[in-house]
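Right, one structure below, let's go through it.
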Amino acid sequence: MATSASAVLSKAVKQQYMDLPQGNKVQAMYIWIDGSGEGLRCKTRTLNYEPKSAQDFPEWNFDGSSTDQSEGSNSDMYLVPVTMFRDPFRKDPNKLVLCEVLKYNRKPAETNLRHTCSKVMSMVEGQRPWFGMEQEYTLLGTDGHPFGWPSNGFPGPQGPYYCGVGADKAYGRDIVEAHYRACLYAGVDICGTNAEVMPAQWEFQVGPSEGINMGDHLWVARFILHRVCEDFGVVASFDPKPIPGNWNGAGCHTNFSTKEMREEGGLTAIEEAIERLAKRHTYHIRAYDPKGGLDNARRLTGHHETSSIHEFSAGVANRGASIRIPRAVGQEKKGYFEDRRPSANCDPYVVTESLVRTCLLKEEGDAPVEYNK
């Protein structure tokens with residue numbers, strides 16, 4: 001099992017230094033999305049006070065030419081703090097702060113998709129859009145081989161691993177437990193976790209989160225997962241189809257509801273939203289992975305609990321459909337629906353924004369509408 005060299009460094013020796021008092025100083029770790037639209041970067045600065053909100057952090061900058069976000073001749077990019085969390089690695093009073101990235105001219109960077117999402121969410125605040133996202137991921141060794149798999153072969157076929165218990169069924173639970181507790185400490189809206197269908201594949205759920213909070217909390221949960229895996233010397237992959245063949249892919253099923261959908265008779269509003277989604281399938285497929293649908297094409301085959309990428313479908317309790325209405329929602333005639341199309345490496349800002357555009361702003365066609373500022 002290939003693990004990183006840094007993972008074997010003595011954590012007990014490190015802890016001697018982490019236990020030292022830090023006086024009245026605070027370490028603030030700034031987190032941002034890089035030019036790939038999938039990777040996360042971070043760096044730390046010292047503050048002479050403990051921030052109480054994101055607005056208490058100073059803006060900062062970084063070299064965008066090293067993150068694929070600018071040219072070397074004009075490389076300074078701005079970090080604008082937007083959401084604060086407790087730091088589960090350095091602990092209180094230290095902080096994590098998620099940032100938007102602005103270019104030299106103060107316009108959003110190309111992969112700063114939070115900026116537009118925030119504007120769209122503000123247009124529908126009165127409808128109280130709630131989201132819950134189910135983030136699947138796969139644990140890999142540093143050589144790219146799935147964690148716990150035989151070095152020259154495959155584990156037994158899928159079946160016993162989903163929600164499995166036991167050393168021969170659950171691969172890497174220590175990482176999952178560490179991530180869960182770190183998210184709770186940080187203040188992330190994590191609400192559950194489970195082992196998935198493919199061995200070494202897991203899922204955590206974030207939500208219900210309202211509006212822009214959904215994207216903020218999922219990105220920080222991803223960051224925390226990467227940092228936990230770093231400590232254990234393994235890699236968390238959000239590739240939607242990490243292992244070709246007869247193995248499940250990885251998605252980010254997105255649950256969505258509005259105040260109207262959650263109230264008595266809300267099933268009518270749910271069905272109306274699904275009708276709108278059916279007419280805009282191509283737009284959503286392009287929005288649901290960072291490569292405009294190319295990544296999801298490997299996953300949405302109509303097999304392994306997925307729908308076909310080429311067809312829209314919906315049904316009650318149907319895990320082979322594009323949209324699933326939970327059975328309890330069908331019985332109670334209110335609640336939420338689940339969009340099963342987003343890939344594991346989707347940008348949650350784009351996914352939630354596209355659902356609001358289609359279902360609440362009632363947009364049509366294959367391109368998003370541009371609204372006045």
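The way I read the labels, and the way they are meant: chains A, B, ... in the order of the structure tokens, residue 1 as the first residue of every chain, and ligand 1 as the first ligand shown, with later ones counted on from there.
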With DSSP run on the backbone, what are the strand (DSSP E) residues within stretch 189-292 of chain A? I'd like them as a ChimeraX atom specification. /A:190-195,201-210,235-237,252-257
Report the residues of stretch 30-267 of chain A whose backbone DSSP state falls under alpha helix (DSSP H), written as a ChimeraX atom specification. /A:114-123,173-186,213-232,259-262,267
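Counting from atom CA of A:Asn24, the distance to atom CA of A:Val80 is 24.0 Å.
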What's the 12 Å shell around stretch 105-113 of chain A, counting only C-alpha atoms, without same-chain residues fewer than 5 positions away, as number ranges by chain? A: 32-40, 59, 61, 64, 67-70, 74-80, 98-100, 118-120, 212, 215-216, 287, 290, 346-354
Residue nearest A:Leu300 - candidates A:Val316, A:Cys183, A:Pro342, A:Gly335, atoms counted: only C-alpha atoms: A:Pro342
Counting only C-alpha atoms, what is within 12 Å of A:Leu360, bar same-chain residues fewer than 4 positions away, as a compact mmCIF listing (two decimals) with N, CA, C and O atoms, in the first residue's frame?
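File produced: out.txt:
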# COMPACT_ATOMS: atom_id res chain seq x y z
N VAL A 120 -27.52 34.88 -7.73
CA VAL A 120 -28.73 34.13 -8.07
C VAL A 120 -29.48 33.72 -6.81
O VAL A 120 -30.72 33.82 -6.74
N MET A 121 -28.75 33.27 -5.79
CA MET A 121 -29.40 32.86 -4.54
C MET A 121 -30.11 34.04 -3.87
O MET A 121 -31.18 33.88 -3.28
N MET A 123 -31.66 36.33 -5.28
CA MET A 123 -32.90 36.62 -6.01
C MET A 123 -34.06 35.76 -5.52
O MET A 123 -35.22 36.08 -5.78
N VAL A 124 -33.76 34.63 -4.85
CA VAL A 124 -34.82 33.69 -4.46
C VAL A 124 -34.83 33.45 -2.95
O VAL A 124 -35.38 32.45 -2.48
N GLU A 125 -34.27 34.36 -2.19
CA GLU A 125 -34.20 34.19 -0.73
C GLU A 125 -35.55 33.88 -0.11
O GLU A 125 -35.67 33.06 0.79
N GLY A 126 -36.59 34.55 -0.60
CA GLY A 126 -37.92 34.39 -0.04
C GLY A 126 -38.49 32.99 -0.19
O GLY A 126 -39.40 32.59 0.54
N GLN A 127 -37.94 32.21 -1.16
CA GLN A 127 -38.44 30.85 -1.38
C GLN A 127 -37.69 29.81 -0.54
O GLN A 127 -38.02 28.63 -0.60
N ARG A 128 -36.69 30.27 0.21
CA ARG A 128 -35.95 29.42 1.15
C ARG A 128 -35.45 28.12 0.50
O ARG A 128 -35.83 27.01 0.91
N PRO A 129 -34.59 28.21 -0.52
CA PRO A 129 -34.09 26.99 -1.15
C PRO A 129 -33.12 26.24 -0.24
O PRO A 129 -32.12 26.80 0.22
N PHE A 256 -33.04 18.79 -3.18
CA PHE A 256 -33.46 20.18 -3.33
C PHE A 256 -34.91 20.35 -2.91
O PHE A 256 -35.77 19.50 -3.22
N SER A 257 -35.19 21.44 -2.20
CA SER A 257 -36.58 21.76 -1.87
C SER A 257 -36.70 23.26 -1.65
O SER A 257 -35.72 23.96 -1.43
N THR A 258 -37.92 23.74 -1.72
CA THR A 258 -38.24 25.12 -1.36
C THR A 258 -39.29 25.09 -0.25
O THR A 258 -39.83 24.03 0.08
N LYS A 259 -39.55 26.26 0.31
CA LYS A 259 -40.57 26.35 1.35
C LYS A 259 -41.90 25.78 0.86
O LYS A 259 -42.58 25.04 1.57
N GLU A 260 -42.27 26.11 -0.38
CA GLU A 260 -43.53 25.62 -0.94
C GLU A 260 -43.54 24.10 -1.05
O GLU A 260 -44.55 23.45 -0.75
N MET A 261 -42.40 23.51 -1.46
CA MET A 261 -42.33 22.06 -1.61
C MET A 261 -42.44 21.35 -0.27
O MET A 261 -42.96 20.22 -0.20
N ALA A 269 -45.62 21.37 -6.52
CA ALA A 269 -44.47 22.21 -6.86
C ALA A 269 -43.26 21.35 -7.26
O ALA A 269 -42.49 21.73 -8.15
N ILE A 270 -43.10 20.21 -6.61
CA ILE A 270 -42.01 19.29 -6.96
C ILE A 270 -42.18 18.79 -8.39
O ILE A 270 -41.23 18.78 -9.19
N GLU A 272 -43.85 20.18 -10.81
CA GLU A 272 -43.64 21.29 -11.75
C GLU A 272 -42.15 21.53 -11.98
O GLU A 272 -41.72 21.79 -13.11
N ALA A 273 -41.37 21.45 -10.91
CA ALA A 273 -39.92 21.64 -11.03
C ALA A 273 -39.30 20.54 -11.90
O ALA A 273 -38.44 20.81 -12.74
N ILE A 274 -39.76 19.31 -11.71
CA ILE A 274 -39.22 18.20 -12.50
C ILE A 274 -39.57 18.36 -13.98
O ILE A 274 -38.75 18.06 -14.87
N ARG A 276 -39.82 21.16 -15.55
CA ARG A 276 -38.89 22.16 -16.06
C ARG A 276 -37.50 21.55 -16.28
O ARG A 276 -36.82 21.84 -17.27
N LEU A 277 -37.08 20.71 -15.36
CA LEU A 277 -35.78 20.05 -15.50
C LEU A 277 -35.75 19.13 -16.72
O LEU A 277 -34.73 19.03 -17.40
N THR A 352 -26.09 24.03 -7.60
CA THR A 352 -27.21 24.65 -6.89
C THR A 352 -27.76 25.85 -7.67
O THR A 352 -28.97 26.06 -7.71
N GLU A 353 -26.87 26.61 -8.29
CA GLU A 353 -27.31 27.75 -9.09
C GLU A 353 -28.18 27.29 -10.25
O GLU A 353 -29.22 27.90 -10.55
N SER A 354 -27.78 26.21 -10.93
CA SER A 354 -28.55 25.75 -12.09
C SER A 354 -29.93 25.25 -11.68
O SER A 354 -30.91 25.46 -12.40
N LEU A 355 -30.03 24.61 -10.51
CA LEU A 355 -31.35 24.16 -10.04
C LEU A 355 -32.25 25.35 -9.75
O LEU A 355 -33.45 25.33 -10.09
N VAL A 356 -31.70 26.38 -9.14
CA VAL A 356 -32.49 27.58 -8.86
C VAL A 356 -32.91 28.27 -10.16
O VAL A 356 -34.06 28.70 -10.31
N GLU A 364 -35.35 28.88 -19.40
CA GLU A 364 -35.46 27.83 -20.42
C GLU A 364 -34.27 27.94 -21.37
O GLU A 364 -33.54 28.92 -21.36
Name all residues at most 12 Å from A:Asp168 (count only C-alpha atoms; drop same-chain ones fewer than 4 positions away) and give them as number ranges by chain. A: 148-150, 155-156, 160-161, 164, 172-173, 199-200
For the residues selected in the previous step, produce a file with N, CA, C and O atoms as a short mmCIF file (atom, residue, chain, number, x, y, z; two decimals), in the first residue's frame.
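That gives us selection-v2.cif:
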data_model
loop_
_atom_site.label_atom_id
_atom_site.label_comp_id
_atom_site.auth_asym_id
_atom_site.auth_seq_id
_atom_site.Cartn_x
_atom_site.Cartn_y
_atom_site.Cartn_z
N GLY A 148 -6.51 -0.45 0.04
CA GLY A 148 -6.91 -1.77 0.53
C GLY A 148 -7.11 -2.81 -0.53
O GLY A 148 -7.32 -3.99 -0.21
N TRP A 149 -7.07 -2.43 -1.82
CA TRP A 149 -7.23 -3.42 -2.88
C TRP A 149 -5.94 -4.23 -3.02
O TRP A 149 -4.84 -3.71 -2.78
N PRO A 150 -6.04 -5.51 -3.45
CA PRO A 150 -4.82 -6.29 -3.70
C PRO A 150 -3.93 -5.57 -4.71
O PRO A 150 -4.43 -4.96 -5.66
N PRO A 155 -10.55 -6.82 -5.46
CA PRO A 155 -11.28 -7.44 -4.35
C PRO A 155 -12.48 -8.22 -4.89
O PRO A 155 -12.73 -8.23 -6.11
N GLY A 156 -13.22 -8.86 -4.00
CA GLY A 156 -14.41 -9.58 -4.42
C GLY A 156 -15.43 -8.63 -5.03
O GLY A 156 -15.37 -7.41 -4.81
N PRO A 160 -21.13 -6.76 -0.75
CA PRO A 160 -21.04 -6.69 0.72
C PRO A 160 -20.48 -5.39 1.27
O PRO A 160 -20.41 -5.22 2.48
N TYR A 161 -20.09 -4.45 0.41
CA TYR A 161 -19.34 -3.28 0.89
C TYR A 161 -20.23 -2.10 1.29
O TYR A 161 -19.88 -1.35 2.19
N GLY A 164 -21.04 -1.52 4.79
CA GLY A 164 -20.47 -2.74 5.34
C GLY A 164 -19.73 -2.51 6.65
O GLY A 164 -19.29 -1.41 6.98
N GLY A 172 -10.65 1.72 5.28
CA GLY A 172 -10.25 3.09 5.59
C GLY A 172 -11.19 3.84 6.51
O GLY A 172 -11.26 5.07 6.45
N ARG A 173 -11.89 3.15 7.39
CA ARG A 173 -12.87 3.83 8.25
C ARG A 173 -12.23 4.87 9.16
O ARG A 173 -12.87 5.87 9.51
N PRO A 199 -15.62 -1.09 -2.90
CA PRO A 199 -14.70 -1.04 -1.76
C PRO A 199 -13.70 0.11 -1.89
O PRO A 199 -13.21 0.39 -2.98
N ALA A 200 -13.45 0.79 -0.77
CA ALA A 200 -12.61 1.99 -0.68
C ALA A 200 -13.35 3.24 -1.13
O ALA A 200 -12.76 4.32 -1.20
#
Any idea what's packed within 12 Å of A:Leu20, counting only C-alpha atoms, ignoring anything in its chain fewer than 5 positions away? Could you give it as an mmCIF file with all heavy atoms, in the first residue's frame?
data_model
loop_
_atom_site.group_PDB
_atom_site.id
_atom_site.type_symbol
_atom_site.label_atom_id
_atom_site.label_comp_id
_atom_site.auth_asym_id
_atom_site.auth_seq_id
_atom_site.Cartn_x
_atom_site.Cartn_y
_atom_site.Cartn_z
ATOM 1 N N LYS A 14 5.574 16.020 16.455
ATOM 2 C CA LYS A 14 4.855 17.214 16.007
ATOM 3 C C LYS A 14 3.973 17.767 17.122
ATOM 4 O O LYS A 14 3.882 18.983 17.322
ATOM 5 C CB LYS A 14 4.003 16.882 14.779
ATOM 6 C CG LYS A 14 3.129 18.037 14.308
ATOM 7 C CD LYS A 14 2.067 17.574 13.320
ATOM 8 C CE LYS A 14 1.077 18.684 13.026
ATOM 9 N NZ LYS A 14 -0.072 18.237 12.228
ATOM 10 N N GLN A 15 3.311 16.872 17.855
ATOM 11 C CA GLN A 15 2.365 17.301 18.881
ATOM 12 C C GLN A 15 3.051 18.092 19.991
ATOM 13 O O GLN A 15 2.432 18.969 20.600
ATOM 14 C CB GLN A 15 1.630 16.088 19.464
ATOM 15 C CG GLN A 15 0.397 16.446 20.280
ATOM 16 C CD GLN A 15 -0.619 17.239 19.465
ATOM 17 O OE1 GLN A 15 -0.883 16.947 18.301
ATOM 18 N NE2 GLN A 15 -1.190 18.273 20.077
ATOM 19 N N ARG A 90 -5.475 22.922 13.936
ATOM 20 C CA ARG A 90 -4.745 23.717 14.930
ATOM 21 C C ARG A 90 -5.602 24.017 16.156
ATOM 22 O O ARG A 90 -5.088 24.443 17.188
ATOM 23 C CB ARG A 90 -4.294 25.025 14.285
ATOM 24 C CG ARG A 90 -3.298 24.814 13.160
ATOM 25 C CD ARG A 90 -3.094 26.103 12.385
ATOM 26 N NE ARG A 90 -2.039 25.968 11.389
ATOM 27 C CZ ARG A 90 -2.046 26.594 10.218
ATOM 28 N NH1 ARG A 90 -3.052 27.401 9.897
ATOM 29 N NH2 ARG A 90 -1.059 26.437 9.372
#
Set the distance at 6 Å and use only C-alpha atoms: which residues neighbour A:Glu203 once local chain neighbours fewer than 4 positions away are removed? I'd like the list as a list in words.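 Selected residues are Gln135, Glu136, Thr193 and Asn194 of chain A.
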For each of A:Ser209, A:Thr282, A:Ser6, A:Asn345, take the minimum atom-to-atom distance to A:Arg299, counting only C-alpha atoms, then give the residue where this is smallest.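 Using only C-alpha atoms, A:Arg299 sits closest to A:Asn345.
If you measure from each of A:Lys43, A:Lys11, A:Arg341, A:His310 to A:Tyr30 using only C-alpha atoms, the closest one turns out to be A:Lys43.
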